[in-house]
Amino acid sequence: MFDFSNTVIGFAVSGSFCTFDAAFEQARILKRLGAKLIPIMSETAYNTDTRFGEAKEHAAELSEICDAKIIKTIAEAEPLGPGKLLDVILVCPCTGNTMAKLANSITDSAATMAVKSHIRNNRPAVLCIATNDALSGSAKNIGVLMNLRNYFFVPLRQDEPENKPTSVISDFSLVPEALSSALKNIQMQPILRQIMF
């Protein structure tokens with residue numbers, strides 16, 4: 001069992017709405033393992049109602065799980081780095097859009113600002129990806145991030161190869177182990193996992 005006592009984790013959420021249930025379950029698990037969670041939501045994740053639920057309900061749920069106010073703007077996220085407030089940041093879920101921005105040093109959301117601000121301290125950022133184009137348009141960004149220092153990935157797999165052949169999703173159940181490894185500056189292996197049917 002992992003012990004995250006005395007560990008401050010930035011829990012950043014971007015807009016893969018269909019994976020919010022899985023992501024929020026990992027937040028609950030990390031809390032039970034002793035972590036202090038700082039919730040961060042991209043503006044899209046924070047403000048968008050979808051068929052997977054209303055924005056205000058998602059925000060309220062994450063805030064309750066973390067027992068903290070959500071960081072939801074660039075201005076609110078920027079002090080995370082200068083204050084060295086996080087031991088590690090987890091982007092869960094991390095969309096292809098967010099990966100593209102991180103790979104190209106674009107800071108236009110609370111989530112990307114939080115990562116950029118945190119990375120300046122030479123501390124780990126862990127990406128739990130969920131994107132329909134990981135094996136097409138987003139592949140180059142995954143490659144870029146895998147070759148940058150301080151970026152780590154929750155192991156991933158194709159989730160629906162027949163209907164969505166380029167779609168990839170991290171195995172959310174491996175979030176605690178991936179975080180533990182990243183805090184030791186180790187990429188959890190293997191990164192690519194067998195398809196689960």
# chains A, B, ... in the order shown; residues from 1 in each chain; ligands from 1

call {"tool": "residues_around", "arguments": {"residues": "Arg32 of chain A", "least_positions_apart": "3", "cutoff": "12 Å", "atoms": "only C-alpha atoms", "output": "PDB file with N, CA and C atoms, in the first residue's frame"}}
result
ATOM      1  N   MET A   1       0.840  -1.187   0.000  1.00  0.00           N
ATOM      2  CA  MET A   1       0.000   0.000   0.000  1.00  0.00           C
ATOM      3  C   MET A   1       0.881   1.245   0.000  1.00  0.00           C
ATOM      4  N   PHE A   2       0.455   2.261  -0.691  1.00  0.00           N
ATOM      5  CA  PHE A   2       1.225   3.499  -0.803  1.00  0.00           C
ATOM      6  C   PHE A   2       0.846   4.464   0.324  1.00  0.00           C
ATOM      7  N   ASP A   3       1.843   5.186   0.788  1.00  0.00           N
ATOM      8  CA  ASP A   3       1.621   6.153   1.854  1.00  0.00           C
ATOM      9  C   ASP A   3       1.982   7.533   1.324  1.00  0.00           C
ATOM     10  N   PHE A   4       0.974   8.398   1.190  1.00  0.00           N
ATOM     11  CA  PHE A   4       1.212   9.747   0.707  1.00  0.00           C
ATOM     12  C   PHE A   4       1.074  10.785   1.828  1.00  0.00           C
ATOM     13  N   SER A   5       1.259  10.334   3.058  1.00  0.00           N
ATOM     14  CA  SER A   5       1.263  11.278   4.168  1.00  0.00           C
ATOM     15  C   SER A   5       2.349  12.312   3.940  1.00  0.00           C
ATOM     16  N   GLU A  25     -12.521   9.105  -8.540  1.00  0.00           N
ATOM     17  CA  GLU A  25     -12.297   7.950  -7.675  1.00  0.00           C
ATOM     18  C   GLU A  25     -10.831   7.881  -7.257  1.00  0.00           C
ATOM     19  N   GLN A  26      -9.920   8.222  -8.162  1.00  0.00           N
ATOM     20  CA  GLN A  26      -8.503   8.244  -7.796  1.00  0.00           C
ATOM     21  C   GLN A  26      -8.214   9.340  -6.781  1.00  0.00           C
ATOM     22  N   ALA A  27      -8.906  10.454  -6.879  1.00  0.00           N
ATOM     23  CA  ALA A  27      -8.744  11.509  -5.869  1.00  0.00           C
ATOM     24  C   ALA A  27      -9.154  10.979  -4.495  1.00  0.00           C
ATOM     25  N   ARG A  28     -10.257  10.255  -4.441  1.00  0.00           N
ATOM     26  CA  ARG A  28     -10.700   9.674  -3.166  1.00  0.00           C
ATOM     27  C   ARG A  28      -9.652   8.705  -2.609  1.00  0.00           C
ATOM     28  N   ILE A  29      -9.106   7.886  -3.488  1.00  0.00           N
ATOM     29  CA  ILE A  29      -8.094   6.912  -3.065  1.00  0.00           C
ATOM     30  C   ILE A  29      -6.859   7.627  -2.531  1.00  0.00           C
ATOM     31  N   ALA A  35      -2.751  11.719   1.236  1.00  0.00           N
ATOM     32  CA  ALA A  35      -2.307  12.889   0.477  1.00  0.00           C
ATOM     33  C   ALA A  35      -3.142  14.120   0.807  1.00  0.00           C
ATOM     34  N   LYS A  36      -2.494  15.263   0.752  1.00  0.00           N
ATOM     35  CA  LYS A  36      -3.208  16.532   0.725  1.00  0.00           C
ATOM     36  C   LYS A  36      -3.384  16.890  -0.742  1.00  0.00           C
ATOM     37  N   LEU A  37      -4.619  17.103  -1.176  1.00  0.00           N
ATOM     38  CA  LEU A  37      -4.894  17.372  -2.587  1.00  0.00           C
ATOM     39  C   LEU A  37      -5.275  18.836  -2.787  1.00  0.00           C
ATOM     40  N   ILE A  65     -14.218  16.294  -2.270  1.00  0.00           N
ATOM     41  CA  ILE A  65     -13.248  15.203  -2.131  1.00  0.00           C
ATOM     42  C   ILE A  65     -11.926  15.736  -1.586  1.00  0.00           C
ATOM     43  N   CYS A  66     -11.468  16.839  -2.161  1.00  0.00           N
ATOM     44  CA  CYS A  66     -10.162  17.391  -1.802  1.00  0.00           C
ATOM     45  C   CYS A  66     -10.204  18.242  -0.536  1.00  0.00           C
ATOM     46  N   PRO A 176      -1.871   5.777  -8.174  1.00  0.00           N
ATOM     47  CA  PRO A 176      -1.006   5.856  -6.986  1.00  0.00           C
ATOM     48  C   PRO A 176       0.408   5.329  -7.229  1.00  0.00           C
TER      49      PRO A 176
END

call {"tool": "select_by_dssp", "arguments": {"residues": "segment 96-184 of chain A", "states": "alpha helix (DSSP H)", "output": "mmCIF file with C-alpha atoms, in the first residue's frame"}}
result
data_model
loop_
_atom_site.group_PDB
_atom_site.id
_atom_site.type_symbol
_atom_site.label_atom_id
_atom_site.label_comp_id
_atom_site.auth_asym_id
_atom_site.auth_seq_id
_atom_site.Cartn_x
_atom_site.Cartn_y
_atom_site.Cartn_z
ATOM 1 C CA GLY A 96 -4.864 15.593 -26.102
ATOM 2 C CA ASN A 97 -5.513 19.329 -26.100
ATOM 3 C CA THR A 98 -3.769 19.790 -22.745
ATOM 4 C CA MET A 99 -0.864 17.581 -23.825
ATOM 5 C CA ALA A 100 -0.418 19.646 -26.985
ATOM 6 C CA LYS A 101 -0.223 22.826 -24.935
ATOM 7 C CA LEU A 102 2.266 21.354 -22.467
ATOM 8 C CA ALA A 103 4.415 19.968 -25.282
ATOM 9 C CA ALA A 110 -5.463 26.986 -15.013
ATOM 10 C CA ALA A 111 -4.296 23.403 -15.617
ATOM 11 C CA THR A 112 -1.443 24.282 -17.980
ATOM 12 C CA MET A 113 -0.370 27.201 -15.799
ATOM 13 C CA ALA A 114 -0.338 24.956 -12.737
ATOM 14 C CA VAL A 115 1.914 22.440 -14.493
ATOM 15 C CA LYS A 116 4.216 25.088 -15.943
ATOM 16 C CA SER A 117 4.487 26.898 -12.615
ATOM 17 C CA HIS A 118 5.185 23.642 -10.761
ATOM 18 C CA ILE A 119 7.716 22.239 -13.278
ATOM 19 C CA ALA A 139 1.243 10.976 -30.878
ATOM 20 C CA LYS A 140 3.916 13.592 -31.539
ATOM 21 C CA ASN A 141 3.022 15.453 -28.341
ATOM 22 C CA ILE A 142 3.217 12.282 -26.274
ATOM 23 C CA GLY A 143 6.669 11.711 -27.763
ATOM 24 C CA VAL A 144 7.785 15.240 -26.932
ATOM 25 C CA LEU A 145 6.596 14.991 -23.335
ATOM 26 C CA MET A 146 8.144 11.569 -22.822
ATOM 27 C CA VAL A 175 -2.354 6.422 -10.533
ATOM 28 C CA PRO A 176 -1.006 5.856 -6.986
ATOM 29 C CA GLU A 177 1.851 3.660 -8.202
ATOM 30 C CA ALA A 178 2.722 6.063 -11.023
ATOM 31 C CA LEU A 179 2.804 8.970 -8.564
ATOM 32 C CA SER A 180 4.964 7.034 -6.129
ATOM 33 C CA SER A 181 7.419 6.204 -8.917
ATOM 34 C CA ALA A 182 7.497 9.781 -10.220
ATOM 35 C CA LEU A 183 8.297 11.098 -6.748
#

call {"tool": "closest_residue", "arguments": {"among": "A:Ser105, A:Thr95, A:Ser167, A:Thr19", "to": "Ile129 of chain A", "atoms": "only C-alpha atoms"}}
result
A:Thr95

call {"tool": "residues_around", "arguments": {"residues": "Ile169 of chain A", "least_positions_apart": "5", "cutoff": "7 Å", "atoms": "only C-alpha atoms", "output": "compact mmCIF listing (two decimals) with N, CA, C and O atoms, in the first residue's frame"}}
result
# COMPACT_ATOMS: atom_id res chain seq x y z
N ILE A 129 -3.52 10.18 -19.23
CA ILE A 129 -4.10 10.67 -20.47
C ILE A 129 -5.38 9.94 -20.87
O ILE A 129 -5.60 8.78 -20.53
N ALA A 130 -6.20 10.68 -21.59
CA ALA A 130 -7.43 10.14 -22.18
C ALA A 130 -7.68 10.97 -23.43
O ALA A 130 -8.09 12.12 -23.35
N THR A 131 -7.40 10.37 -24.59
CA THR A 131 -7.59 11.11 -25.83
C THR A 131 -7.89 10.17 -26.99
O THR A 131 -7.31 9.08 -27.09
N LEU A 156 -0.59 3.28 -20.09
CA LEU A 156 -1.76 3.47 -20.95
C LEU A 156 -1.95 2.32 -21.92
O LEU A 156 -1.07 1.49 -22.09
N ARG A 157 -3.16 2.33 -22.51
CA ARG A 157 -3.50 1.27 -23.45
C ARG A 157 -4.59 1.77 -24.39
O ARG A 157 -5.28 2.74 -24.10
N GLN A 158 -4.74 1.08 -25.52
CA GLN A 158 -5.90 1.34 -26.37
C GLN A 158 -7.15 0.91 -25.61
O GLN A 158 -7.17 -0.15 -24.97
N ASP A 159 -8.18 1.73 -25.69
CA ASP A 159 -9.37 1.40 -24.92
C ASP A 159 -10.50 0.81 -25.75
O ASP A 159 -11.35 0.10 -25.23

call {"tool": "atom_distance", "arguments": {"atom1": "atom CA of Ile74 of chain A", "atom2": "atom CA of His58 of chain A"}}
result
19.4 Å

call {"tool": "select_by_dssp", "arguments": {"residues": "segment 54-191 of chain A", "states": "strand (DSSP E or B)", "output": "PDB file with N, CA, C and O atoms, in the first residue's frame"}}
result
ATOM      1  N   ILE A  71      -8.836  25.661  -7.699  1.00  0.00           N
ATOM      2  CA  ILE A  71      -8.083  26.651  -8.474  1.00  0.00           C
ATOM      3  C   ILE A  71      -8.595  26.549  -9.907  1.00  0.00           C
ATOM      4  O   ILE A  71      -8.505  25.493 -10.524  1.00  0.00           O
ATOM      5  N   VAL A  88       4.137  17.125  -6.186  1.00  0.00           N
ATOM      6  CA  VAL A  88       3.920  16.533  -7.503  1.00  0.00           C
ATOM      7  C   VAL A  88       2.580  17.056  -8.009  1.00  0.00           C
ATOM      8  O   VAL A  88       1.694  17.375  -7.209  1.00  0.00           O
ATOM      9  N   ILE A  89       2.450  17.163  -9.323  1.00  0.00           N
ATOM     10  CA  ILE A  89       1.154  17.512  -9.904  1.00  0.00           C
ATOM     11  C   ILE A  89       0.708  16.363 -10.806  1.00  0.00           C
ATOM     12  O   ILE A  89       1.510  15.775 -11.536  1.00  0.00           O
ATOM     13  N   LEU A  90      -0.565  16.028 -10.700  1.00  0.00           N
ATOM     14  CA  LEU A  90      -1.190  14.989 -11.502  1.00  0.00           C
ATOM     15  C   LEU A  90      -2.246  15.643 -12.374  1.00  0.00           C
ATOM     16  O   LEU A  90      -3.099  16.364 -11.866  1.00  0.00           O
ATOM     17  N   VAL A  91      -2.186  15.410 -13.683  1.00  0.00           N
ATOM     18  CA  VAL A  91      -3.246  15.871 -14.579  1.00  0.00           C
ATOM     19  C   VAL A  91      -4.088  14.649 -14.909  1.00  0.00           C
ATOM     20  O   VAL A  91      -3.651  13.733 -15.606  1.00  0.00           O
ATOM     21  N   CYS A  92      -5.318  14.630 -14.389  1.00  0.00           N
ATOM     22  CA  CYS A  92      -6.137  13.422 -14.394  1.00  0.00           C
ATOM     23  C   CYS A  92      -7.612  13.790 -14.504  1.00  0.00           C
ATOM     24  O   CYS A  92      -8.205  14.175 -13.495  1.00  0.00           O
ATOM     25  N   PRO A  93      -8.189  13.699 -15.703  1.00  0.00           N
ATOM     26  CA  PRO A  93      -7.603  13.240 -16.952  1.00  0.00           C
ATOM     27  C   PRO A  93      -6.813  14.348 -17.649  1.00  0.00           C
ATOM     28  O   PRO A  93      -7.051  15.534 -17.418  1.00  0.00           O
ATOM     29  N   CYS A  94      -5.905  13.915 -18.515  1.00  0.00           N
ATOM     30  CA  CYS A  94      -5.134  14.838 -19.351  1.00  0.00           C
ATOM     31  C   CYS A  94      -5.548  14.610 -20.803  1.00  0.00           C
ATOM     32  O   CYS A  94      -5.308  13.540 -21.365  1.00  0.00           O
ATOM     33  N   ALA A 125       5.637  16.038 -12.831  1.00  0.00           N
ATOM     34  CA  ALA A 125       4.270  16.169 -13.332  1.00  0.00           C
ATOM     35  C   ALA A 125       3.880  14.823 -13.928  1.00  0.00           C
ATOM     36  O   ALA A 125       4.608  14.276 -14.769  1.00  0.00           O
ATOM     37  N   VAL A 126       2.756  14.289 -13.496  1.00  0.00           N
ATOM     38  CA  VAL A 126       2.293  12.981 -13.949  1.00  0.00           C
ATOM     39  C   VAL A 126       1.032  13.168 -14.781  1.00  0.00           C
ATOM     40  O   VAL A 126       0.083  13.816 -14.346  1.00  0.00           O
ATOM     41  N   LEU A 127       1.031  12.597 -15.978  1.00  0.00           N
ATOM     42  CA  LEU A 127      -0.087  12.742 -16.907  1.00  0.00           C
ATOM     43  C   LEU A 127      -0.866  11.434 -17.004  1.00  0.00           C
ATOM     44  O   LEU A 127      -0.294  10.384 -17.303  1.00  0.00           O
ATOM     45  N   CYS A 128      -2.156  11.521 -16.739  1.00  0.00           N
ATOM     46  CA  CYS A 128      -3.059  10.380 -16.866  1.00  0.00           C
ATOM     47  C   CYS A 128      -3.940  10.670 -18.075  1.00  0.00           C
ATOM     48  O   CYS A 128      -4.965  11.337 -17.976  1.00  0.00           O
ATOM     49  N   ILE A 129      -3.516  10.178 -19.227  1.00  0.00           N
ATOM     50  CA  ILE A 129      -4.096  10.668 -20.471  1.00  0.00           C
ATOM     51  C   ILE A 129      -5.377   9.937 -20.872  1.00  0.00           C
ATOM     52  O   ILE A 129      -5.602   8.779 -20.528  1.00  0.00           O
ATOM     53  N   ALA A 130      -6.196  10.680 -21.590  1.00  0.00           N
ATOM     54  CA  ALA A 130      -7.428  10.141 -22.183  1.00  0.00           C
ATOM     55  C   ALA A 130      -7.684  10.968 -23.431  1.00  0.00           C
ATOM     56  O   ALA A 130      -8.091  12.120 -23.351  1.00  0.00           O
ATOM     57  N   THR A 131      -7.405  10.374 -24.587  1.00  0.00           N
ATOM     58  CA  THR A 131      -7.586  11.113 -25.832  1.00  0.00           C
ATOM     59  C   THR A 131      -7.891  10.174 -26.986  1.00  0.00           C
ATOM     60  O   THR A 131      -7.310   9.078 -27.087  1.00  0.00           O
ATOM     61  N   TYR A 151       8.431  15.004 -16.695  1.00  0.00           N
ATOM     62  CA  TYR A 151       7.119  14.524 -17.117  1.00  0.00           C
ATOM     63  C   TYR A 151       7.087  12.998 -17.029  1.00  0.00           C
ATOM     64  O   TYR A 151       8.005  12.319 -17.503  1.00  0.00           O
ATOM     65  N   PHE A 152       6.017  12.486 -16.446  1.00  0.00           N
ATOM     66  CA  PHE A 152       5.841  11.048 -16.278  1.00  0.00           C
ATOM     67  C   PHE A 152       4.420  10.684 -16.694  1.00  0.00           C
ATOM     68  O   PHE A 152       3.518  11.510 -16.646  1.00  0.00           O
ATOM     69  N   PHE A 153       4.225   9.430 -17.086  1.00  0.00           N
ATOM     70  CA  PHE A 153       2.926   8.978 -17.577  1.00  0.00           C
ATOM     71  C   PHE A 153       2.386   7.837 -16.731  1.00  0.00           C
ATOM     72  O   PHE A 153       3.126   6.924 -16.350  1.00  0.00           O
ATOM     73  N   LEU A 156      -0.588   3.285 -20.092  1.00  0.00           N
ATOM     74  CA  LEU A 156      -1.759   3.470 -20.950  1.00  0.00           C
ATOM     75  C   LEU A 156      -1.953   2.320 -21.915  1.00  0.00           C
ATOM     76  O   LEU A 156      -1.073   1.486 -22.094  1.00  0.00           O
ATOM     77  N   ARG A 157      -3.156   2.329 -22.512  1.00  0.00           N
ATOM     78  CA  ARG A 157      -3.502   1.267 -23.455  1.00  0.00           C
ATOM     79  C   ARG A 157      -4.591   1.765 -24.393  1.00  0.00           C
ATOM     80  O   ARG A 157      -5.284   2.740 -24.104  1.00  0.00           O
ATOM     81  N   GLN A 158      -4.741   1.079 -25.518  1.00  0.00           N
ATOM     82  CA  GLN A 158      -5.898   1.344 -26.368  1.00  0.00           C
ATOM     83  C   GLN A 158      -7.152   0.910 -25.614  1.00  0.00           C
ATOM     84  O   GLN A 158      -7.166  -0.148 -24.970  1.00  0.00           O
ATOM     85  N   VAL A 168      -6.525   6.204 -26.879  1.00  0.00           N
ATOM     86  CA  VAL A 168      -5.720   5.625 -25.803  1.00  0.00           C
ATOM     87  C   VAL A 168      -6.157   6.245 -24.489  1.00  0.00           C
ATOM     88  O   VAL A 168      -6.492   7.431 -24.418  1.00  0.00           O
ATOM     89  N   ILE A 169      -6.137   5.438 -23.442  1.00  0.00           N
ATOM     90  CA  ILE A 169      -6.473   5.918 -22.103  1.00  0.00           C
ATOM     91  C   ILE A 169      -5.507   5.307 -21.100  1.00  0.00           C
ATOM     92  O   ILE A 169      -5.094   4.152 -21.241  1.00  0.00           O
ATOM     93  N   SER A 170      -5.106   6.105 -20.126  1.00  0.00           N
ATOM     94  CA  SER A 170      -4.278   5.565 -19.052  1.00  0.00           C
ATOM     95  C   SER A 170      -5.110   4.632 -18.190  1.00  0.00           C
ATOM     96  O   SER A 170      -6.339   4.754 -18.115  1.00  0.00           O
TER      97      SER A 170
END

call {"tool": "residues_around", "arguments": {"residues": "Ile40 of chain A", "least_positions_apart": "4", "cutoff": "6 Å", "atoms": "only C-alpha atoms", "output": "list in words"}}
result
Phe11, Ala12, Ile70, Ile71 and Lys72 of chain A

call {"tool": "closest_residue", "arguments": {"among": "A:Ile186, A:Leu33, A:Leu174, A:Ala68", "to": "Gly10 of chain A", "atoms": "only C-alpha atoms"}}
result
A:Ala68

call {"tool": "residues_around", "arguments": {"residues": "Tyr46 of chain A", "least_positions_apart": "6", "cutoff": "12 Å", "atoms": "only C-alpha atoms", "output": "number ranges by chain"}}
result
A: 12-17, 20, 39-40, 53-63, 70-73, 109-111

call {"tool": "write_last_selection", "arguments": {"atoms": "N, CA and C atoms", "output": "PDB file, in the first residue's frame"}}
result
ATOM      1  N   ALA A  12      -5.023  18.131 -11.033  1.00  0.00           N
ATOM      2  CA  ALA A  12      -5.512  18.971 -12.129  1.00  0.00           C
ATOM      3  C   ALA A  12      -6.412  18.152 -13.057  1.00  0.00           C
ATOM      4  N   VAL A  13      -7.537  18.751 -13.415  1.00  0.00           N
ATOM      5  CA  VAL A  13      -8.528  18.078 -14.253  1.00  0.00           C
ATOM      6  C   VAL A  13      -8.721  18.873 -15.537  1.00  0.00           C
ATOM      7  N   SER A  14      -8.565  18.192 -16.682  1.00  0.00           N
ATOM      8  CA  SER A  14      -8.906  18.813 -17.961  1.00  0.00           C
ATOM      9  C   SER A  14     -10.126  18.107 -18.528  1.00  0.00           C
ATOM     10  N   GLY A  15     -10.578  18.501 -19.724  1.00  0.00           N
ATOM     11  CA  GLY A  15     -11.937  18.211 -20.143  1.00  0.00           C
ATOM     12  C   GLY A  15     -12.284  16.888 -20.788  1.00  0.00           C
ATOM     13  N   SER A  16     -11.734  15.784 -20.344  1.00  0.00           N
ATOM     14  CA  SER A  16     -12.207  14.483 -20.815  1.00  0.00           C
ATOM     15  C   SER A  16     -13.359  14.052 -19.906  1.00  0.00           C
ATOM     16  N   PHE A  17     -14.536  14.604 -20.161  1.00  0.00           N
ATOM     17  CA  PHE A  17     -15.659  14.497 -19.231  1.00  0.00           C
ATOM     18  C   PHE A  17     -16.098  13.055 -18.979  1.00  0.00           C
ATOM     19  N   PHE A  20     -14.377  11.535 -15.872  1.00  0.00           N
ATOM     20  CA  PHE A  20     -14.397  12.220 -14.582  1.00  0.00           C
ATOM     21  C   PHE A  20     -14.671  11.261 -13.419  1.00  0.00           C
ATOM     22  N   PRO A  39      -7.046  20.898  -5.579  1.00  0.00           N
ATOM     23  CA  PRO A  39      -7.793  20.694  -6.824  1.00  0.00           C
ATOM     24  C   PRO A  39      -7.635  21.858  -7.800  1.00  0.00           C
ATOM     25  N   ILE A  40      -7.416  21.509  -9.060  1.00  0.00           N
ATOM     26  CA  ILE A  40      -7.245  22.484 -10.136  1.00  0.00           C
ATOM     27  C   ILE A  40      -8.111  22.015 -11.301  1.00  0.00           C
ATOM     28  N   GLY A  53     -22.747  15.275 -17.113  1.00  0.00           N
ATOM     29  CA  GLY A  53     -23.063  15.973 -15.876  1.00  0.00           C
ATOM     30  C   GLY A  53     -22.897  17.472 -15.992  1.00  0.00           C
ATOM     31  N   GLU A  54     -23.407  18.161 -14.984  1.00  0.00           N
ATOM     32  CA  GLU A  54     -23.310  19.614 -14.952  1.00  0.00           C
ATOM     33  C   GLU A  54     -21.991  20.053 -14.335  1.00  0.00           C
ATOM     34  N   ALA A  55     -21.474  21.143 -14.881  1.00  0.00           N
ATOM     35  CA  ALA A  55     -20.180  21.652 -14.439  1.00  0.00           C
ATOM     36  C   ALA A  55     -20.155  21.940 -12.949  1.00  0.00           C
ATOM     37  N   LYS A  56     -21.193  22.599 -12.439  1.00  0.00           N
ATOM     38  CA  LYS A  56     -21.196  22.984 -11.027  1.00  0.00           C
ATOM     39  C   LYS A  56     -21.207  21.754 -10.118  1.00  0.00           C
ATOM     40  N   GLU A  57     -21.818  20.669 -10.579  1.00  0.00           N
ATOM     41  CA  GLU A  57     -21.847  19.446  -9.780  1.00  0.00           C
ATOM     42  C   GLU A  57     -20.475  18.781  -9.747  1.00  0.00           C
ATOM     43  N   HIS A  58     -19.799  18.755 -10.909  1.00  0.00           N
ATOM     44  CA  HIS A  58     -18.440  18.198 -10.945  1.00  0.00           C
ATOM     45  C   HIS A  58     -17.509  19.007 -10.049  1.00  0.00           C
ATOM     46  N   ALA A  59     -17.586  20.317 -10.150  1.00  0.00           N
ATOM     47  CA  ALA A  59     -16.716  21.179  -9.355  1.00  0.00           C
ATOM     48  C   ALA A  59     -16.970  20.993  -7.864  1.00  0.00           C
ATOM     49  N   ALA A  60     -18.230  20.915  -7.492  1.00  0.00           N
ATOM     50  CA  ALA A  60     -18.571  20.729  -6.083  1.00  0.00           C
ATOM     51  C   ALA A  60     -18.076  19.383  -5.567  1.00  0.00           C
ATOM     52  N   GLU A  61     -18.198  18.349  -6.394  1.00  0.00           N
ATOM     53  CA  GLU A  61     -17.746  17.011  -5.991  1.00  0.00           C
ATOM     54  C   GLU A  61     -16.238  16.995  -5.777  1.00  0.00           C
ATOM     55  N   LEU A  62     -15.478  17.559  -6.716  1.00  0.00           N
ATOM     56  CA  LEU A  62     -14.022  17.552  -6.577  1.00  0.00           C
ATOM     57  C   LEU A  62     -13.584  18.381  -5.373  1.00  0.00           C
ATOM     58  N   SER A  63     -14.211  19.516  -5.176  1.00  0.00           N
ATOM     59  CA  SER A  63     -13.882  20.359  -4.033  1.00  0.00           C
ATOM     60  C   SER A  63     -14.142  19.623  -2.722  1.00  0.00           C
ATOM     61  N   ILE A  70     -11.378  25.038  -5.357  1.00  0.00           N
ATOM     62  CA  ILE A  70     -10.777  24.715  -6.651  1.00  0.00           C
ATOM     63  C   ILE A  70     -10.037  25.916  -7.222  1.00  0.00           C
ATOM     64  N   ILE A  71      -8.836  25.661  -7.699  1.00  0.00           N
ATOM     65  CA  ILE A  71      -8.083  26.651  -8.474  1.00  0.00           C
ATOM     66  C   ILE A  71      -8.595  26.549  -9.907  1.00  0.00           C
ATOM     67  N   LYS A  72      -9.126  27.658 -10.426  1.00  0.00           N
ATOM     68  CA  LYS A  72      -9.840  27.582 -11.706  1.00  0.00           C
ATOM     69  C   LYS A  72      -9.442  28.655 -12.702  1.00  0.00           C
ATOM     70  N   THR A  73      -8.460  29.485 -12.361  1.00  0.00           N
ATOM     71  CA  THR A  73      -7.998  30.526 -13.282  1.00  0.00           C
ATOM     72  C   THR A  73      -6.476  30.519 -13.350  1.00  0.00           C
ATOM     73  N   SER A 109      -4.611  28.030 -19.636  1.00  0.00           N
ATOM     74  CA  SER A 109      -5.650  27.524 -18.741  1.00  0.00           C
ATOM     75  C   SER A 109      -5.061  27.370 -17.350  1.00  0.00           C
ATOM     76  N   ALA A 110      -5.937  27.204 -16.376  1.00  0.00           N
ATOM     77  CA  ALA A 110      -5.463  26.986 -15.013  1.00  0.00           C
ATOM     78  C   ALA A 110      -4.619  25.713 -14.930  1.00  0.00           C
ATOM     79  N   ALA A 111      -5.028  24.676 -15.673  1.00  0.00           N
ATOM     80  CA  ALA A 111      -4.296  23.403 -15.617  1.00  0.00           C
ATOM     81  C   ALA A 111      -2.894  23.536 -16.198  1.00  0.00           C
TER      82      ALA A 111
END

call {"tool": "atom_distance", "arguments": {"atom1": "atom CA of Glu160 of chain A", "atom2": "atom CA of Phe24 of chain A"}}
result
21.8 Å

call {"tool": "atom_distance", "arguments": {"atom1": "atom CA of Ser138 of chain A", "atom2": "atom CA of Asp49 of chain A"}}
result
24.8 Å
